[in-house]
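For reference, the structure discussed in these notes is given below.
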Amino acid sequence: MPSRRQVRIVRTGRRTDRVAATEGEEPEVDLDTALTAAVAPLTAGADGVRVSVAVLDTGSGARAVHGDGSFDTASVVKVDLVAALLLIAQDEGRALTAVERERAAAVIERSDNARTTVLLREIGGPAALDAANARLGLTGTTAADRLTLLRAVFGTESELNEESRAYLRGLMERVEAGQRWGVSAAGDRWALKNGWMPRTTTGLWDINSIGRVRADGRTCLVAVLSDGQPTKESGIALVEAVAKAAVGVVGRAR
C-alpha cells in the first residue's frame, strides 16, 4: 500500500519551500514559484502594469512572495506614520493625547491627507519616519517590506508593544465603507489600509492594499503593490484577484 503523502514547510532565508517528507516523493514546487504561477494569468495582457505580492499564513508559517521591485507606497505608508507616532509615545512613557488619537484615526480610517501632513510634521518629519521604520525592520518599499510592517502590527515580536499594536489594528478594522476593498476580498475579519494615486505625468494609477484577513479558518497577512493601472477600478479588481490568489497558494501548503 503506498505511503500517505506528507508535506512539511521549510523556510530558507526569505523563502518558504515545500519539501516532501516521505522518501521517494516527488519534490514539491516552492511557494514563491507557485505564487508567481498563480499571478501570471491575472496580469496577462495588462501591458505596463506591475504587481508584487507577499503573503504569510500566521498559523503554518507558510510565506510566499511574487516580485521584488520597489513601488510608491501611496497611502499605505500611513500605517508606518501612525506606528512611528506610537513608538514615540512609548519612548516617552505616555499614552497618545486626545489630539493625537483624533489625527491617527483620521489618517487610517479616512485616509485624511491634511491630517497626515500635520502628523508627519508633529513626529519630526521624514527623517523621524525613516528612523521608526528602521526600528520596525523596514528596508524599502517592496511587498515583502510591507509584509514586515504587517508582522510588526499583527504579530507579537515587535518594537510596538501590545497596547500600540491593538490600537493600530483597531484603526485598520474601522476604515470607512468606501475604502473596504483590496485584501479584504480574500477573506473576512479583515483589517487593512489601502493606497491609490494617479500619476500626474501618465494618468496611470498606483493601487496598493495591505492587511490581515481570515480565510478557511486561517489568518493571513497580505500586501499587494501595483502601478501602471489604467483606471482605479481596474486596479482594485486586479489587486483583489491577486490577494485571493496569494491566500490560496499558502492555503495549499497546509
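Lettering and numbering for the C-alpha cells are positional, with chains as A, B, ... in the shown order, residues counted from 1 in each chain, and ligands counted from 1 in the shown order.
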(request) Enumerate, as a ChimeraX atom specification, the complete set of residues in range 10-142 of chain A that a backbone-based DSSP assignment places in strand (DSSP E or B). (result) /A:10-12,15-20,50-57,63-66
If you count only C-alpha atoms, which residues fall within 10 Å of Gly235 in chain A, apart from same-chain ones fewer than 5 positions away, as an mmCIF file with C-alpha atoms, in the first residue's frame?
```cif
data_model
loop_
_atom_site.group_PDB
_atom_site.id
_atom_site.type_symbol
_atom_site.label_atom_id
_atom_site.label_comp_id
_atom_site.auth_asym_id
_atom_site.auth_seq_id
_atom_site.Cartn_x
_atom_site.Cartn_y
_atom_site.Cartn_z
ATOM 1 C CA VAL A 49 1.103 47.057 -15.167
ATOM 2 C CA VAL A 51 2.217 43.860 -9.464
ATOM 3 C CA GLY A 182 -8.357 45.217 -1.677
ATOM 4 C CA TRP A 196 -4.486 54.811 -4.518
ATOM 5 C CA LEU A 204 -1.952 55.792 -14.649
ATOM 6 C CA TRP A 205 -2.746 54.606 -11.138
ATOM 7 C CA ASP A 206 -0.807 53.183 -8.202
ATOM 8 C CA ILE A 207 -3.169 50.819 -6.360
ATOM 9 C CA ASN A 208 -1.960 49.188 -3.119
ATOM 10 C CA SER A 226 0.910 47.776 -8.085
ATOM 11 C CA ASP A 227 1.454 50.580 -10.556
ATOM 12 C CA GLY A 228 0.690 51.361 -14.190
ATOM 13 C CA GLN A 229 -3.007 50.620 -13.675
ATOM 14 C CA PRO A 230 -5.173 52.220 -16.409
ATOM 15 C CA GLU A 240 -8.254 41.849 -5.169
ATOM 16 C CA ALA A 241 -7.718 38.945 -7.571
#
```
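Of the residues listed (A:Thr231, A:Gly251, A:Leu138, A:Thr117), A:Gly251 shows the shortest atom-to-atom separation from Gly61 in chain A; distances use only C-alpha atoms.
The space separating CA of Ser52 in chain A from CA of Gly67 in chain A comes to 4.7 Å.
Across A:Leu192, A:Val82, A:Thr97, A:Arg146, the tightest approach to Arg115 in chain A is made by A:Val82 when counting only C-alpha atoms.
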(request) Tell me which protein, DNA and RNA residues are within 12 Å of Pro41 in chain A, counting only C-alpha atoms, leaving out same-chain ones fewer than 4 positions away, and put them as an MDAnalysis selection string. (result) chainID A and resid 35:37 45:46 238 241:242 245
(request) With a distance cut-off of 12 Å and only C-alpha atoms, select the neighbouring residues of Val118 in chain A, excluding the residue or stretch itself and same-chain residues fewer than 6 positions from it, and output the selection as a PyMOL selection string. (result) chain A and resi 81-82+85+99-100+102-104+106-107+112+124-125
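Across A:Arg50, A:Lys232, A:Arg110, A:Arg218, the tightest approach to Ala62 in chain A is made by A:Arg218 when counting only C-alpha atoms.
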(request) Write out as a ChimeraX atom specification which residues come within 8 Å of range 163-167 of chain A when counting only C-alpha atoms, dropping same-chain ones fewer than 6 positions away. (result) /A:83,86,152-154
(message) Counting only C-alpha atoms, which residue out of A:Ala186, A:Ala84, A:Val250, A:Ala38 sits closest to Ala127 in chain A?
(response) A:Ala84
(request) Fewer than 6 positions away in the same chain doesn't count, so skip those; otherwise give me all residues within 6 Å of Ala64 in chain A, counting only C-alpha atoms, as a list in words. (result) Leu31, Asp32, Ala54 and Val55 of chain A
For the residues in that selection, give me N, CA and C atoms as a PDB file, in the first residue's frame.
```pdb
ATOM      1  N   LEU A  31       6.871  27.799  -2.781  1.00  0.00           N
ATOM      2  CA  LEU A  31       5.690  28.657  -2.742  1.00  0.00           C
ATOM      3  C   LEU A  31       5.870  29.940  -3.550  1.00  0.00           C
ATOM      4  N   ASP A  32       7.085  30.462  -3.615  1.00  0.00           N
ATOM      5  CA  ASP A  32       7.296  31.648  -4.441  1.00  0.00           C
ATOM      6  C   ASP A  32       6.968  31.353  -5.904  1.00  0.00           C
ATOM      7  N   ALA A  54       3.086  39.805  -1.351  1.00  0.00           N
ATOM      8  CA  ALA A  54       3.696  38.976  -0.315  1.00  0.00           C
ATOM      9  C   ALA A  54       2.599  38.521   0.634  1.00  0.00           C
ATOM     10  N   VAL A  55       2.684  37.272   1.084  1.00  0.00           N
ATOM     11  CA  VAL A  55       1.629  36.707   1.924  1.00  0.00           C
ATOM     12  C   VAL A  55       2.250  35.799   2.973  1.00  0.00           C
TER      13      VAL A  55
END
```
(request) Give me, please, the distance in Å between CA of Ala34 in chain A and CA of Gly217 in chain A, quoted to one decimal. (result) 21.4 Å
Report as an mmCIF file with N, CA and C atoms, in the first residue's frame: the residues of range 38-218 of chain A with a DSSP assignment of helix (DSSP H, G or I), based on the backbone of this structure.
```
data_model
loop_
_atom_site.group_PDB
_atom_site.id
_atom_site.type_symbol
_atom_site.label_atom_id
_atom_site.label_comp_id
_atom_site.auth_asym_id
_atom_site.auth_seq_id
_atom_site.Cartn_x
_atom_site.Cartn_y
_atom_site.Cartn_z
ATOM 1 N N ALA A 38 0.426 31.590 -10.079
ATOM 2 C CA ALA A 38 -0.967 31.963 -9.835
ATOM 3 C C ALA A 38 -1.251 33.388 -10.282
ATOM 4 N N VAL A 39 -0.258 34.274 -10.172
ATOM 5 C CA VAL A 39 -0.449 35.671 -10.545
ATOM 6 C C VAL A 39 -0.374 35.867 -12.056
ATOM 7 N N ALA A 40 0.420 35.053 -12.732
ATOM 8 C CA ALA A 40 0.671 35.247 -14.164
ATOM 9 C C ALA A 40 -0.594 35.383 -15.011
ATOM 10 N N PRO A 41 -1.573 34.489 -14.893
ATOM 11 C CA PRO A 41 -2.772 34.643 -15.728
ATOM 12 C C PRO A 41 -3.608 35.871 -15.373
ATOM 13 N N LEU A 42 -3.466 36.358 -14.163
ATOM 14 C CA LEU A 42 -4.236 37.534 -13.749
ATOM 15 C C LEU A 42 -3.703 38.810 -14.381
ATOM 16 N N THR A 43 -2.420 38.816 -14.695
ATOM 17 C CA THR A 43 -1.791 40.008 -15.268
ATOM 18 C C THR A 43 -1.542 39.875 -16.766
ATOM 19 N N ALA A 74 2.074 55.165 -1.738
ATOM 20 C CA ALA A 74 0.800 55.886 -1.647
ATOM 21 C C ALA A 74 0.331 55.845 -0.192
ATOM 22 N N SER A 75 -0.960 55.731 0.042
ATOM 23 C CA SER A 75 -1.475 55.901 1.407
ATOM 24 C C SER A 75 -1.251 54.719 2.337
ATOM 25 N N VAL A 76 -0.706 53.600 1.856
ATOM 26 C CA VAL A 76 -0.399 52.533 2.812
ATOM 27 C C VAL A 76 0.717 52.958 3.751
ATOM 28 N N VAL A 77 1.484 53.994 3.385
ATOM 29 C CA VAL A 77 2.542 54.495 4.263
ATOM 30 C C VAL A 77 1.964 55.123 5.529
ATOM 31 N N LYS A 78 0.663 55.381 5.531
ATOM 32 C CA LYS A 78 0.052 55.967 6.719
ATOM 33 C C LYS A 78 0.061 55.013 7.906
ATOM 34 N N VAL A 79 0.165 53.708 7.638
ATOM 35 C CA VAL A 79 0.342 52.757 8.734
ATOM 36 C C VAL A 79 1.708 52.979 9.378
ATOM 37 N N ASP A 80 2.733 53.182 8.570
ATOM 38 C CA ASP A 80 4.067 53.487 9.086
ATOM 39 C C ASP A 80 4.025 54.740 9.962
ATOM 40 N N LEU A 81 3.299 55.735 9.482
ATOM 41 C CA LEU A 81 3.253 57.021 10.173
ATOM 42 C C LEU A 81 2.637 56.890 11.567
ATOM 43 N N VAL A 82 1.517 56.194 11.665
ATOM 44 C CA VAL A 82 0.887 56.017 12.975
ATOM 45 C C VAL A 82 1.742 55.116 13.861
ATOM 46 N N ALA A 83 2.391 54.125 13.258
ATOM 47 C CA ALA A 83 3.309 53.287 14.037
ATOM 48 C C ALA A 83 4.443 54.131 14.611
ATOM 49 N N ALA A 84 4.953 55.076 13.823
ATOM 50 C CA ALA A 84 6.013 55.959 14.306
ATOM 51 C C ALA A 84 5.526 56.804 15.483
ATOM 52 N N LEU A 85 4.307 57.321 15.374
ATOM 53 C CA LEU A 85 3.725 58.098 16.474
ATOM 54 C C LEU A 85 3.636 57.254 17.738
ATOM 55 N N LEU A 86 3.205 56.014 17.597
ATOM 56 C CA LEU A 86 3.069 55.134 18.753
ATOM 57 C C LEU A 86 4.423 54.811 19.379
ATOM 58 N N LEU A 87 5.443 54.632 18.541
ATOM 59 C CA LEU A 87 6.785 54.378 19.079
ATOM 60 C C LEU A 87 7.287 55.580 19.882
ATOM 61 N N ILE A 88 7.027 56.771 19.376
ATOM 62 C CA ILE A 88 7.432 57.981 20.103
ATOM 63 C C ILE A 88 6.749 58.049 21.458
ATOM 64 N N ALA A 89 5.442 57.785 21.474
ATOM 65 C CA ALA A 89 4.704 57.801 22.748
ATOM 66 C C ALA A 89 5.244 56.743 23.700
ATOM 67 N N GLN A 90 5.547 55.556 23.179
ATOM 68 C CA GLN A 90 6.126 54.506 24.024
ATOM 69 C C GLN A 90 7.447 54.973 24.632
ATOM 70 N N ASP A 91 8.309 55.549 23.794
ATOM 71 C CA ASP A 91 9.622 56.002 24.279
ATOM 72 C C ASP A 91 9.479 57.049 25.363
ATOM 73 N N ALA A 98 -5.414 63.154 23.248
ATOM 74 C CA ALA A 98 -6.694 63.148 22.537
ATOM 75 C C ALA A 98 -6.525 63.681 21.116
ATOM 76 N N VAL A 99 -5.702 64.697 20.953
ATOM 77 C CA VAL A 99 -5.462 65.262 19.622
ATOM 78 C C VAL A 99 -4.744 64.247 18.743
ATOM 79 N N GLU A 100 -3.754 63.571 19.288
ATOM 80 C CA GLU A 100 -3.020 62.561 18.515
ATOM 81 C C GLU A 100 -3.936 61.407 18.111
ATOM 82 N N ARG A 101 -4.815 61.000 19.007
ATOM 83 C CA ARG A 101 -5.733 59.907 18.679
ATOM 84 C C ARG A 101 -6.700 60.326 17.574
ATOM 85 N N GLU A 102 -7.153 61.575 17.620
ATOM 86 C CA GLU A 102 -8.055 62.061 16.571
ATOM 87 C C GLU A 102 -7.339 62.077 15.225
ATOM 88 N N ARG A 103 -6.106 62.530 15.210
ATOM 89 C CA ARG A 103 -5.343 62.567 13.966
ATOM 90 C C ARG A 103 -5.059 61.167 13.443
ATOM 91 N N ALA A 104 -4.663 60.269 14.338
ATOM 92 C CA ALA A 104 -4.364 58.904 13.919
ATOM 93 C C ALA A 104 -5.594 58.233 13.320
ATOM 94 N N ALA A 105 -6.750 58.416 13.948
ATOM 95 C CA ALA A 105 -7.985 57.832 13.425
ATOM 96 C C ALA A 105 -8.313 58.390 12.048
ATOM 97 N N ALA A 106 -8.151 59.696 11.870
ATOM 98 C CA ALA A 106 -8.437 60.305 10.576
ATOM 99 C C ALA A 106 -7.490 59.787 9.501
ATOM 100 N N VAL A 107 -6.225 59.598 9.862
ATOM 101 C CA VAL A 107 -5.212 59.147 8.910
ATOM 102 C C VAL A 107 -5.491 57.728 8.424
ATOM 103 N N ILE A 108 -5.860 56.829 9.323
ATOM 104 C CA ILE A 108 -6.085 55.434 8.947
ATOM 105 C C ILE A 108 -7.517 55.192 8.486
ATOM 106 N N GLU A 109 -8.486 55.616 9.265
ATOM 107 C CA GLU A 109 -9.878 55.280 8.953
ATOM 108 C C GLU A 109 -10.404 56.025 7.733
ATOM 109 N N ASN A 113 -5.573 63.261 4.096
ATOM 110 C CA ASN A 113 -4.252 63.736 3.701
ATOM 111 C C ASN A 113 -3.809 64.973 4.484
ATOM 112 N N ALA A 114 -4.743 65.859 4.797
ATOM 113 C CA ALA A 114 -4.376 67.064 5.540
ATOM 114 C C ALA A 114 -3.841 66.703 6.923
ATOM 115 N N ARG A 115 -4.527 65.791 7.612
ATOM 116 C CA ARG A 115 -4.055 65.379 8.931
ATOM 117 C C ARG A 115 -2.781 64.551 8.831
ATOM 118 N N THR A 116 -2.605 63.840 7.729
ATOM 119 C CA THR A 116 -1.359 63.112 7.518
ATOM 120 C C THR A 116 -0.178 64.078 7.481
ATOM 121 N N THR A 117 -0.341 65.177 6.760
ATOM 122 C CA THR A 117 0.718 66.183 6.674
ATOM 123 C C THR A 117 1.050 66.757 8.037
ATOM 124 N N VAL A 118 0.010 67.047 8.818
ATOM 125 C CA VAL A 118 0.214 67.594 10.163
ATOM 126 C C VAL A 118 0.918 66.572 11.048
ATOM 127 N N LEU A 119 0.471 65.320 10.982
ATOM 128 C CA LEU A 119 1.051 64.287 11.838
ATOM 129 C C LEU A 119 2.511 64.035 11.487
ATOM 130 N N LEU A 120 2.825 64.035 10.202
ATOM 131 C CA LEU A 120 4.211 63.844 9.789
ATOM 132 C C LEU A 120 5.096 64.953 10.363
ATOM 133 N N ARG A 121 4.615 66.169 10.308
ATOM 134 C CA ARG A 121 5.373 67.285 10.869
ATOM 135 C C ARG A 121 5.520 67.131 12.383
ATOM 136 N N GLU A 122 4.466 66.704 13.055
ATOM 137 C CA GLU A 122 4.491 66.593 14.512
ATOM 138 C C GLU A 122 5.460 65.514 15.002
ATOM 139 N N ILE A 123 5.641 64.441 14.250
ATOM 140 C CA ILE A 123 6.566 63.385 14.708
ATOM 141 C C ILE A 123 8.016 63.727 14.413
ATOM 142 N N PRO A 126 10.142 63.471 7.691
ATOM 143 C CA PRO A 126 10.547 62.227 7.033
ATOM 144 C C PRO A 126 11.691 61.496 7.723
ATOM 145 N N ALA A 127 12.641 62.230 8.287
ATOM 146 C CA ALA A 127 13.762 61.576 8.958
ATOM 147 C C ALA A 127 13.286 60.757 10.153
ATOM 148 N N ALA A 128 12.339 61.309 10.906
ATOM 149 C CA ALA A 128 11.801 60.584 12.058
ATOM 150 C C ALA A 128 11.019 59.356 11.605
ATOM 151 N N LEU A 129 10.293 59.490 10.500
ATOM 152 C CA LEU A 129 9.552 58.350 9.964
ATOM 153 C C LEU A 129 10.520 57.256 9.514
ATOM 154 N N ASP A 130 11.594 57.637 8.839
ATOM 155 C CA ASP A 130 12.595 56.659 8.406
ATOM 156 C C ASP A 130 13.220 55.945 9.601
ATOM 157 N N ALA A 131 13.483 56.692 10.665
ATOM 158 C CA ALA A 131 14.081 56.089 11.861
ATOM 159 C C ALA A 131 13.141 55.076 12.497
ATOM 160 N N ALA A 132 11.866 55.404 12.550
ATOM 161 C CA ALA A 132 10.877 54.476 13.106
ATOM 162 C C ALA A 132 10.766 53.226 12.237
ATOM 163 N N ASN A 133 10.754 53.420 10.936
ATOM 164 C CA ASN A 133 10.686 52.271 10.035
ATOM 165 C C ASN A 133 11.881 51.346 10.211
ATOM 166 N N ALA A 134 13.056 51.935 10.417
ATOM 167 C CA ALA A 134 14.250 51.117 10.634
ATOM 168 C C ALA A 134 14.102 50.276 11.905
ATOM 169 N N ARG A 135 13.517 50.841 12.940
ATOM 170 C CA ARG A 135 13.284 50.085 14.174
ATOM 171 C C ARG A 135 12.343 48.916 13.950
ATOM 172 N N ALA A 143 6.814 44.681 -1.626
ATOM 173 C CA ALA A 143 5.718 43.946 -0.988
ATOM 174 C C ALA A 143 6.225 43.165 0.218
ATOM 175 N N ALA A 144 7.416 42.596 0.114
ATOM 176 C CA ALA A 144 7.989 41.867 1.247
ATOM 177 C C ALA A 144 8.216 42.795 2.432
ATOM 178 N N ASP A 145 8.607 44.034 2.152
ATOM 179 C CA ASP A 145 8.810 45.017 3.210
ATOM 180 C C ASP A 145 7.487 45.369 3.889
ATOM 181 N N ARG A 146 6.427 45.496 3.090
ATOM 182 C CA ARG A 146 5.101 45.762 3.667
ATOM 183 C C ARG A 146 4.664 44.593 4.547
ATOM 184 N N LEU A 147 5.050 43.370 4.178
ATOM 185 C CA LEU A 147 4.726 42.214 5.000
ATOM 186 C C LEU A 147 5.450 42.294 6.346
ATOM 187 N N THR A 148 6.668 42.788 6.337
ATOM 188 C CA THR A 148 7.395 43.007 7.594
ATOM 189 C C THR A 148 6.652 43.994 8.482
ATOM 190 N N LEU A 149 6.130 45.050 7.871
ATOM 191 C CA LEU A 149 5.335 46.021 8.631
ATOM 192 C C LEU A 149 4.105 45.355 9.237
ATOM 193 N N LEU A 150 3.406 44.550 8.454
ATOM 194 C CA LEU A 150 2.210 43.875 8.964
ATOM 195 C C LEU A 150 2.550 42.940 10.118
ATOM 196 N N ARG A 151 3.677 42.272 10.038
ATOM 197 C CA ARG A 151 4.079 41.393 11.137
ATOM 198 C C ARG A 151 4.359 42.203 12.401
ATOM 199 N N ALA A 152 4.868 43.429 12.235
ATOM 200 C CA ALA A 152 5.113 44.289 13.391
ATOM 201 C C ALA A 152 3.807 44.740 14.041
ATOM 202 N N VAL A 153 2.748 44.838 13.249
ATOM 203 C CA VAL A 153 1.447 45.285 13.758
ATOM 204 C C VAL A 153 0.607 44.117 14.268
ATOM 205 N N PHE A 154 0.634 43.006 13.552
ATOM 206 C CA PHE A 154 -0.258 41.886 13.873
ATOM 207 C C PHE A 154 0.438 40.721 14.571
ATOM 208 N N GLU A 162 2.071 45.677 23.023
ATOM 209 C CA GLU A 162 0.749 45.098 22.749
ATOM 210 C C GLU A 162 -0.339 46.162 22.672
ATOM 211 N N GLU A 163 -0.267 47.146 23.548
ATOM 212 C CA GLU A 163 -1.275 48.201 23.530
ATOM 213 C C GLU A 163 -1.218 48.983 22.214
ATOM 214 N N SER A 164 -0.024 49.288 21.749
ATOM 215 C CA SER A 164 0.121 50.023 20.493
ATOM 216 C C SER A 164 -0.355 49.190 19.317
ATOM 217 N N ARG A 165 0.006 47.907 19.317
ATOM 218 C CA ARG A 165 -0.417 47.037 18.220
ATOM 219 C C ARG A 165 -1.935 46.919 18.176
ATOM 220 N N ALA A 166 -2.550 46.737 19.332
ATOM 221 C CA ALA A 166 -4.010 46.599 19.378
ATOM 222 C C ALA A 166 -4.692 47.876 18.903
ATOM 223 N N TYR A 167 -4.146 49.018 19.277
ATOM 224 C CA TYR A 167 -4.733 50.289 18.858
ATOM 225 C C TYR A 167 -4.664 50.445 17.343
ATOM 226 N N LEU A 168 -3.510 50.167 16.753
ATOM 227 C CA LEU A 168 -3.361 50.315 15.308
ATOM 228 C C LEU A 168 -4.206 49.291 14.560
ATOM 229 N N ARG A 169 -4.275 48.066 15.061
ATOM 230 C CA ARG A 169 -5.148 47.064 14.439
ATOM 231 C C ARG A 169 -6.597 47.536 14.456
ATOM 232 N N GLY A 170 -7.013 48.118 15.562
ATOM 233 C CA GLY A 170 -8.386 48.600 15.664
ATOM 234 C C GLY A 170 -8.701 49.665 14.632
ATOM 235 N N LEU A 171 -7.769 50.571 14.398
ATOM 236 C CA LEU A 171 -7.987 51.589 13.361
ATOM 237 C C LEU A 171 -8.141 50.944 11.995
ATOM 238 N N MET A 172 -7.321 49.941 11.708
ATOM 239 C CA MET A 172 -7.361 49.276 10.401
ATOM 240 C C MET A 172 -8.631 48.438 10.228
ATOM 241 N N ALA A 177 -16.413 52.922 4.817
ATOM 242 C CA ALA A 177 -17.022 51.955 3.899
ATOM 243 C C ALA A 177 -16.441 52.012 2.493
ATOM 244 N N GLY A 178 -16.203 53.197 1.975
ATOM 245 C CA GLY A 178 -15.719 53.311 0.609
ATOM 246 C C GLY A 178 -14.303 52.834 0.394
ATOM 247 N N GLN A 179 -13.595 52.501 1.490
ATOM 248 C CA GLN A 179 -12.209 52.058 1.378
ATOM 249 C C GLN A 179 -12.022 50.602 1.795
ATOM 250 N N VAL A 183 -7.311 43.724 -0.072
ATOM 251 C CA VAL A 183 -7.054 42.411 0.514
ATOM 252 C C VAL A 183 -8.282 41.856 1.226
ATOM 253 N N SER A 184 -9.229 42.696 1.570
ATOM 254 C CA SER A 184 -10.452 42.220 2.227
ATOM 255 C C SER A 184 -11.223 41.248 1.345
ATOM 256 N N ALA A 185 -11.010 41.295 0.021
ATOM 257 C CA ALA A 185 -11.693 40.379 -0.896
ATOM 258 C C ALA A 185 -11.242 38.932 -0.703
ATOM 259 N N ALA A 186 -10.108 38.737 -0.019
ATOM 260 C CA ALA A 186 -9.548 37.392 0.134
ATOM 261 C C ALA A 186 -10.069 36.656 1.362
#
```
(request) Record the distance separating CA of Thr142 in chain A and CA of Arg189 in chain A, expressed in Å with one decimal. (result) 24.8 Å
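Among A:Gly137, A:Glu233, A:Gly248, A:Glu157, the residue with the shortest atom-to-atom distance to Pro198 in chain A, counting only C-alpha atoms, is A:Glu233.
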